Amino acid sequence: MRGGTLLAWGVRAGRSGPGEPMEMRMTAPLTPQELDGFRETLSERYVELAREIERLETEAFESPSGAPLEEQADEAAEMDKDTDVDLLEHRGRNLQDVTRALERLDEGRFGRCERCGTWIERERLSVLPEARRCAPCELAVA
Ligand SMILES: [Zn+2]
């Protein structure tokens, strides 16, 4: 939670009033404190995702076997498995995004949109530090 407090401070410190000055969004580099906060959040997320993926994989491969299954139960189990596989895929992509964001932090490229090169909105990064694109680009590619 310490990181979140730091972030809130960082966002408020640079702002003179309500509204969003455009040039600030375009030029403001993230402060070292902000980057530390993002690194902390991303590292925690990485560990959480890696753990969950491990758990999902374990469950997927340790599905109950040997027990005689009715056809209905079979279908239900099949559906469960599909959901788990979807979830596993989704978490896998998340982990990849988080890993890439950590790489960008190391390379000093963190916070820039991969598509247009602009700074990704602070508000967006504080919610989704692994974001690869700014909000307008995300909408454009969606
Ligand atoms: Zn962009």
# chains A, B, ... in the order shown; residues from 1 in each chain; ligands from 1
>>> residues_near_ligand(ligand="ligand 1", cutoff="12 Å", atoms="only C-alpha atoms and all ligand atoms", output="MDAnalysis selection string")
chainID A and resid 25:26 111:121 131:141
>>> residues_around(residues="Ala60 of chain A", least_positions_apart="4", cutoff="8 Å", atoms="only C-alpha atoms", output="ChimeraX atom specification")
/A:56,81,84-85
>>> residues_around(residues="Phe110 of chain A", least_positions_apart="3", cutoff="7 Å", atoms="only C-alpha atoms", output="VMD selection string")
chain A and resid 101 104 to 105
